[in-house]
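S.K.: Can you read through this structure? Questions will come right after.
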Amino acid sequence: MKQVKFIFTGPPGAGKTTAIATISEFPPVSTDVFSTDGLAKVKEKTTVAMDFGQITLDNGQKIGLYGTPGQQRFKFMWDILIQGGLGLIILIDNRRPEPLKDLEIYLDNFADFINRTDAVIGVTCSDVKDTPTLDDYQEVLQRRGQIFPAFNIDARNKEDVLLLLNALLTCLEAS
Amino acid sequence: MPHTLHLFSSHLSRNNILTLKVFLGLTKTDPVAIWEYTDDREKASALLINADEEEGNLRLKEWASENKRQVLIAFSSRIEGFPPNVLVLPRPLRSVELIPVLQQASKQFLDFFQGQEEKGSQAKQLGGKAYSADVDPPVRRILDVLCGNQGRILKIVDKIARSVVFDISHRRYYAIDHVKMEIEDFLISPAVDAQIEEVDYSQLAKFIQNLQIYDLDVPLWAAVLTISNGRLFNGLSFTEFYRLNRWPDLKKLGQNPFHLKLATLLRRGGTVDYFADFLKAPVGDVIDYINACHTLNYLERQEKSILPAKVFEQKPSDTNTTVKRSLFSRIRSRLGI
């Protein structure tokens, strides 16, 4: 039986592992290795297979919190991880050179999954680099004919991560 | 596509309420409006009051003097002696008399919103986007001036010499600290008392010396919610189809669970009564939100008459949907959201 889960995706360093750790009832099981590419300057370790966290509901049901590896070369893992997914949380690191392009990459790669479920977008590190703004992200979505909840968030802040999940659940409930 | 309107009753006997609920089912084939019973007076389009009871009669007079939106129907053995615009449903309660009265109530209720639109377009022709009021003359506020001058920079000084420079296209304003504290009050104050000056972009630096820069969206949003009062702004219509063109930054604008739900429904679009009905919420609260989204340019609008009927169809809930809703509810409970 497929486990019911939420999927966290986004480029390396966007805060997927941190966001999962913020709400998981145990520290996420990560399959991190030392970065060897350009990422090593920003991030000592990176996720190569997945992150796994969990919450247990009052009836004992386990809800998985899965983080996909950030690099596109692990795309084959994404298709496996989304099985049983309730919805997608896309985290975008605003400090990266082309965060708007990053968003489009993840929207395209998960297009089928998003069509079947729904998505929310969390923009991280906008306190470090304030452009592009949320309006810029919304313009990208508008151009693509899509409307998704998008918020500036801090992946370390539980309230912010819960805001993303709340918005995602509200979208799912209305569909 | 008929509208769904709601009827609330006051001081009716239990038997009459039960009969009324059965009779309302007869409106299901009405091409203009289907009536449903509600226990929520705020949500109702019409109020049916037993005017033969002393307390009911007093309530009718009270509501007639304060009510500007809902249609009032007196349920009585008298046919005269009621305030103007009150419809009369003669006793005893019979469908043959109830249905024509409801049809008249539908027309009165829908015409009211139509009238608001016409007032709106007249006000627009006069150069300002004034807000509608059914009996009071429209007050042109500073925020109306801002909405009517998108893309410009305005310096506005109000009657108590508070000075603010608005860069409307960039959704920001410049002011000294203590004015920031009063900015919502500033935005809803009458424009007639203010001095308004357009500032050329090349001169902006001179005008904003010693002033702080602030985000305009948050106070504008709050000001609209303060003055909206359940009435659609001029230019907006009860029968229009509304859809978001982008997601409002609800983290910045205030985390209101009702607004989050409405934003989600507005993603696929609908009419005011559809949203109210879907969320089982007062129409006035939906209207307040529509007004705020409209002011901050989050909305696309379309006349409902040109839309296919399937847009308004609700999917019947199946077992899978019920299981999912139950799961979502448990997740919410676990996460405390």
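Labels for the structure tokens follow display order: chains A, B, ..., residues from 1 in each chain, ligands from 1.
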Please provide the set of residues having any atom within 12 Å of Ala111 in chain A, restricted to only C-alpha atoms, with same-chain residues fewer than 5 positions apart removed, written as a PyMOL selection string.
M.R.: chain A and resi 78-79+82+87-88+103-106+116-119+144+146
S.K.: Could you please select, counting only C-alpha atoms, the residues of chain A within 8 Å of chain B and state them as a ChimeraX atom specification?
M.R.: /A:56-58,134,138-139,141-142,147-151,162,166-167,169-171,173-174
S.K.: Quick one: everything within 8 Å of Ala155 in chain A, counting only C-alpha atoms, minus sequence neighbours fewer than 4 positions away in the same chain. Send it as a list in words.
M.R.: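 Result of the neighbour search: Gly15, Lys16, Thr18, Ala19, Thr22, Thr124, Asp160 and Val161 of chain A.
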S.K.: Save out the residues we just selected, N, CA and C atoms, as a PDB file, in the first residue's frame.
M.R.:
ATOM      1  N   GLY A  15      15.808  24.524   1.468  1.00  0.00           N
ATOM      2  CA  GLY A  15      15.285  24.355   2.825  1.00  0.00           C
ATOM      3  C   GLY A  15      14.329  23.181   2.965  1.00  0.00           C
ATOM      4  N   LYS A  16      14.375  22.240   2.054  1.00  0.00           N
ATOM      5  CA  LYS A  16      13.441  21.104   2.107  1.00  0.00           C
ATOM      6  C   LYS A  16      13.682  20.260   3.373  1.00  0.00           C
ATOM      7  N   THR A  18      15.167  21.126   6.075  1.00  0.00           N
ATOM      8  CA  THR A  18      14.863  21.939   7.265  1.00  0.00           C
ATOM      9  C   THR A  18      13.355  22.012   7.499  1.00  0.00           C
ATOM     10  N   ALA A  19      12.595  22.232   6.411  1.00  0.00           N
ATOM     11  CA  ALA A  19      11.134  22.354   6.550  1.00  0.00           C
ATOM     12  C   ALA A  19      10.552  21.058   7.096  1.00  0.00           C
ATOM     13  N   THR A  22      11.215  20.685  10.707  1.00  0.00           N
ATOM     14  CA  THR A  22      10.432  21.613  11.529  1.00  0.00           C
ATOM     15  C   THR A  22       9.129  20.999  12.018  1.00  0.00           C
ATOM     16  N   THR A 124      12.202  31.036   0.057  1.00  0.00           N
ATOM     17  CA  THR A 124      13.064  31.157   1.235  1.00  0.00           C
ATOM     18  C   THR A 124      14.180  32.170   0.984  1.00  0.00           C
ATOM     19  N   ASP A 160       5.583  29.144   9.643  1.00  0.00           N
ATOM     20  CA  ASP A 160       5.663  29.346   8.194  1.00  0.00           C
ATOM     21  C   ASP A 160       5.426  28.044   7.432  1.00  0.00           C
ATOM     22  N   VAL A 161       6.001  26.967   7.932  1.00  0.00           N
ATOM     23  CA  VAL A 161       5.821  25.675   7.256  1.00  0.00           C
ATOM     24  C   VAL A 161       4.358  25.237   7.382  1.00  0.00           C
TER      25      VAL A 161
END
S.K.: So how far away is CA of Lys159 in chain B from CA of Phe186 in chain B, in Å?
M.R.: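 According to the coordinates, CA of Phe186 in chain B and CA of Lys159 in chain B are separated by 10.1 Å.
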S.K.: Give me every strand (DSSP E) residue in chain A, going by DSSP on the backbone, as JSON, numbers by chain.
M.R.: {"A": [5, 6, 7, 8, 9, 29, 30, 31, 32, 33, 34, 45, 46, 47, 48, 49, 50, 51, 52, 53, 54, 55, 56, 62, 63, 64, 65, 66, 67, 85, 86, 87, 88, 89, 90, 91, 92, 93, 119, 120, 121, 122, 123, 124, 150, 151, 152, 153]}
S.K.: Go ahead and dump the residues you just picked, C-alpha atoms, as a PDB file, in the first residue's frame.
M.R.:
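Writing done, so here's part.pdb:
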ATOM      1  CA  LYS A   5       2.523  11.792   1.989  1.00  0.00           C
ATOM      2  CA  PHE A   6       3.344  15.386   1.300  1.00  0.00           C
ATOM      3  CA  ILE A   7       6.168  16.044  -1.164  1.00  0.00           C
ATOM      4  CA  PHE A   8       8.694  18.810  -0.626  1.00  0.00           C
ATOM      5  CA  THR A   9      10.706  19.753  -3.678  1.00  0.00           C
ATOM      6  CA  VAL A  29      16.038  10.466   7.898  1.00  0.00           C
ATOM      7  CA  SER A  30      18.271  12.036   5.288  1.00  0.00           C
ATOM      8  CA  THR A  31      20.502  10.523   2.722  1.00  0.00           C
ATOM      9  CA  ASP A  32      22.901  13.420   2.560  1.00  0.00           C
ATOM     10  CA  VAL A  33      26.413  13.222   1.157  1.00  0.00           C
ATOM     11  CA  PHE A  34      29.147  15.816   0.980  1.00  0.00           C
ATOM     12  CA  LYS A  45      25.975  18.320   2.397  1.00  0.00           C
ATOM     13  CA  THR A  46      23.200  17.647  -0.100  1.00  0.00           C
ATOM     14  CA  THR A  47      20.385  15.105  -0.359  1.00  0.00           C
ATOM     15  CA  VAL A  48      20.892  12.460  -3.034  1.00  0.00           C
ATOM     16  CA  ALA A  49      17.916  10.138  -2.594  1.00  0.00           C
ATOM     17  CA  MET A  50      15.351  11.652  -0.300  1.00  0.00           C
ATOM     18  CA  ASP A  51      14.504  13.040   3.105  1.00  0.00           C
ATOM     19  CA  PHE A  52      11.902  11.299   5.153  1.00  0.00           C
ATOM     20  CA  GLY A  53       9.906  12.665   8.064  1.00  0.00           C
ATOM     21  CA  GLN A  54       6.565  11.689   9.489  1.00  0.00           C
ATOM     22  CA  ILE A  55       3.543  12.741  11.482  1.00  0.00           C
ATOM     23  CA  THR A  56       1.133  10.287  13.119  1.00  0.00           C
ATOM     24  CA  LYS A  62       1.255   7.786   9.375  1.00  0.00           C
ATOM     25  CA  ILE A  63       1.621  10.705   7.001  1.00  0.00           C
ATOM     26  CA  GLY A  64       4.975  10.854   5.266  1.00  0.00           C
ATOM     27  CA  LEU A  65       6.904  14.028   4.622  1.00  0.00           C
ATOM     28  CA  TYR A  66       9.207  13.346   1.705  1.00  0.00           C
ATOM     29  CA  GLY A  67      11.870  15.667   0.378  1.00  0.00           C
ATOM     30  CA  GLY A  85       1.464  12.134  -2.663  1.00  0.00           C
ATOM     31  CA  LEU A  86      -1.339  14.414  -1.480  1.00  0.00           C
ATOM     32  CA  GLY A  87       0.224  17.593  -2.834  1.00  0.00           C
ATOM     33  CA  LEU A  88       3.433  19.421  -3.598  1.00  0.00           C
ATOM     34  CA  ILE A  89       5.325  22.027  -1.602  1.00  0.00           C
ATOM     35  CA  ILE A  90       7.829  23.814  -3.833  1.00  0.00           C
ATOM     36  CA  LEU A  91      10.570  25.674  -1.981  1.00  0.00           C
ATOM     37  CA  ILE A  92      12.630  28.194  -3.934  1.00  0.00           C
ATOM     38  CA  ASP A  93      15.860  29.745  -2.669  1.00  0.00           C
ATOM     39  CA  ALA A 119       0.835  22.890  -5.086  1.00  0.00           C
ATOM     40  CA  VAL A 120       2.025  25.741  -2.871  1.00  0.00           C
ATOM     41  CA  ILE A 121       5.194  27.769  -3.176  1.00  0.00           C
ATOM     42  CA  GLY A 122       7.462  28.872  -0.354  1.00  0.00           C
ATOM     43  CA  VAL A 123      10.163  31.397  -1.190  1.00  0.00           C
ATOM     44  CA  THR A 124      13.064  31.157   1.235  1.00  0.00           C
ATOM     45  CA  ALA A 150       2.974  31.681  -2.645  1.00  0.00           C
ATOM     46  CA  PHE A 151       4.534  33.018   0.535  1.00  0.00           C
ATOM     47  CA  ASN A 152       7.890  34.265   1.745  1.00  0.00           C
ATOM     48  CA  ILE A 153       8.871  31.783   4.401  1.00  0.00           C
TER      49      ILE A 153
END
S.K.: Near Glu62 in chain B, counting only C-alpha atoms, which residues have an atom at most 12 Å away, once you skip same-chain residues fewer than 4 positions from it, shown as a PyMOL selection string?
M.R.: chain B and resi 49+51+55-58+66-68+72+82-83
S.K.: Please save N, CA and C atoms of the selected residues as a PDB file, in the first residue's frame.
M.R.:
ATOM      1  N   ILE B  49     -41.308  38.059   8.394  1.00  0.00           N
ATOM      2  CA  ILE B  49     -41.559  38.349   9.816  1.00  0.00           C
ATOM      3  C   ILE B  49     -43.055  38.247  10.112  1.00  0.00           C
ATOM      4  N   ALA B  51     -45.853  39.664  11.443  1.00  0.00           N
ATOM      5  CA  ALA B  51     -46.154  41.027  11.888  1.00  0.00           C
ATOM      6  C   ALA B  51     -47.432  41.086  12.709  1.00  0.00           C
ATOM      7  N   GLU B  55     -44.210  41.689  19.097  1.00  0.00           N
ATOM      8  CA  GLU B  55     -42.745  41.742  19.042  1.00  0.00           C
ATOM      9  C   GLU B  55     -42.232  41.647  17.599  1.00  0.00           C
ATOM     10  N   GLY B  56     -42.936  40.812  16.792  1.00  0.00           N
ATOM     11  CA  GLY B  56     -42.567  40.674  15.381  1.00  0.00           C
ATOM     12  C   GLY B  56     -42.775  41.976  14.637  1.00  0.00           C
ATOM     13  N   ASN B  57     -43.871  42.638  14.952  1.00  0.00           N
ATOM     14  CA  ASN B  57     -44.178  43.914  14.299  1.00  0.00           C
ATOM     15  C   ASN B  57     -43.115  44.971  14.629  1.00  0.00           C
ATOM     16  N   LEU B  58     -42.702  44.974  15.901  1.00  0.00           N
ATOM     17  CA  LEU B  58     -41.647  45.920  16.321  1.00  0.00           C
ATOM     18  C   LEU B  58     -40.342  45.621  15.583  1.00  0.00           C
ATOM     19  N   GLU B  66     -33.401  50.142   9.511  1.00  0.00           N
ATOM     20  CA  GLU B  66     -31.942  49.975   9.416  1.00  0.00           C
ATOM     21  C   GLU B  66     -31.496  49.164   8.208  1.00  0.00           C
ATOM     22  N   ASN B  67     -32.400  48.362   7.649  1.00  0.00           N
ATOM     23  CA  ASN B  67     -31.994  47.415   6.617  1.00  0.00           C
ATOM     24  C   ASN B  67     -31.949  48.074   5.248  1.00  0.00           C
ATOM     25  N   LYS B  68     -30.852  47.903   4.570  1.00  0.00           N
ATOM     26  CA  LYS B  68     -30.718  48.533   3.259  1.00  0.00           C
ATOM     27  C   LYS B  68     -30.557  47.505   2.153  1.00  0.00           C
ATOM     28  N   LEU B  72     -37.808  42.796   2.990  1.00  0.00           N
ATOM     29  CA  LEU B  72     -38.613  42.467   4.167  1.00  0.00           C
ATOM     30  C   LEU B  72     -40.007  42.033   3.721  1.00  0.00           C
ATOM     31  N   PHE B  82     -47.811  49.010   6.788  1.00  0.00           N
ATOM     32  CA  PHE B  82     -46.408  48.588   6.897  1.00  0.00           C
ATOM     33  C   PHE B  82     -45.484  49.652   6.297  1.00  0.00           C
ATOM     34  N   PRO B  83     -44.250  49.677   6.723  1.00  0.00           N
ATOM     35  CA  PRO B  83     -43.303  50.646   6.141  1.00  0.00           C
ATOM     36  C   PRO B  83     -43.195  50.452   4.622  1.00  0.00           C
TER      37      PRO B  83
END
S.K.: Name all residues at most 12 Å from Gly254 in chain B (count only C-alpha atoms; drop same-chain ones fewer than 5 positions away) and give them as a list of chain:residue names.
M.R.: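 The residues satisfying every condition are A:Leu163, B:Asp217, B:Val218, B:Pro219, B:Trp221, B:Ala222, B:Leu225, B:Pro248, B:Asp249, B:His259, B:Leu260.
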S.K.: Please write the residues from the selection above to a file, keeping C-alpha atoms, as a short mmCIF file (atom, residue, chain, number, x, y, z; two decimals), in the first residue's frame.
M.R.:
data_model
loop_
_atom_site.label_atom_id
_atom_site.label_comp_id
_atom_site.auth_asym_id
_atom_site.auth_seq_id
_atom_site.Cartn_x
_atom_site.Cartn_y
_atom_site.Cartn_z
CA LEU A 163 1.10 28.11 6.69
CA ASP B 217 -0.94 47.00 0.16
CA VAL B 218 -1.43 46.19 3.84
CA PRO B 219 -3.10 49.47 4.91
CA TRP B 221 -6.40 46.10 2.26
CA ALA B 222 -7.28 46.87 5.88
CA LEU B 225 -12.24 45.83 4.81
CA PRO B 248 -2.99 37.54 -2.73
CA ASP B 249 -0.07 37.61 -0.31
CA HIS B 259 -9.85 34.69 3.35
CA LEU B 260 -7.66 31.67 2.62
#
S.K.: Based on DSSP run over this structure's backbone, return all residues of range 103-322 of chain B in alpha helix (DSSP H), as a PyMOL selection string.
M.R.: chain B and resi 103-125+142-147+177-181+183-188+204-207+217-228+250-253+257-268+272-279+283-295+319-322
S.K.: Just the number, please: distance in Å from CA of Leu89 in chain B to CA of His3 in chain B, one decimal.
M.R.: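 About the pair CA of Leu89 in chain B and CA of His3 in chain B: they are 21.8 Å apart.
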S.K.: May I ask for the distance between CA of Trp63 in chain B and CA of Ser106 in chain B, given in Å to one decimal place?
M.R.: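 CA of Trp63 in chain B sits 18.4 Å away from CA of Ser106 in chain B.
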S.K.: For Ile176 in chain B, list every protein, DNA or RNA residue within 12 Å, evaluated using only C-alpha atoms, and leave out those in the same chain fewer than 4 positions away; present the list as a list in words.
M.R.: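 Once the nearby chain positions are removed, what remains is Arg162, Ser163, Val164, Val165, Lys180, Met181, Glu182, Ile183, Ile208, Gln209, Asn210, Leu211, Gln212, Ile213 and Tyr214 of chain B.
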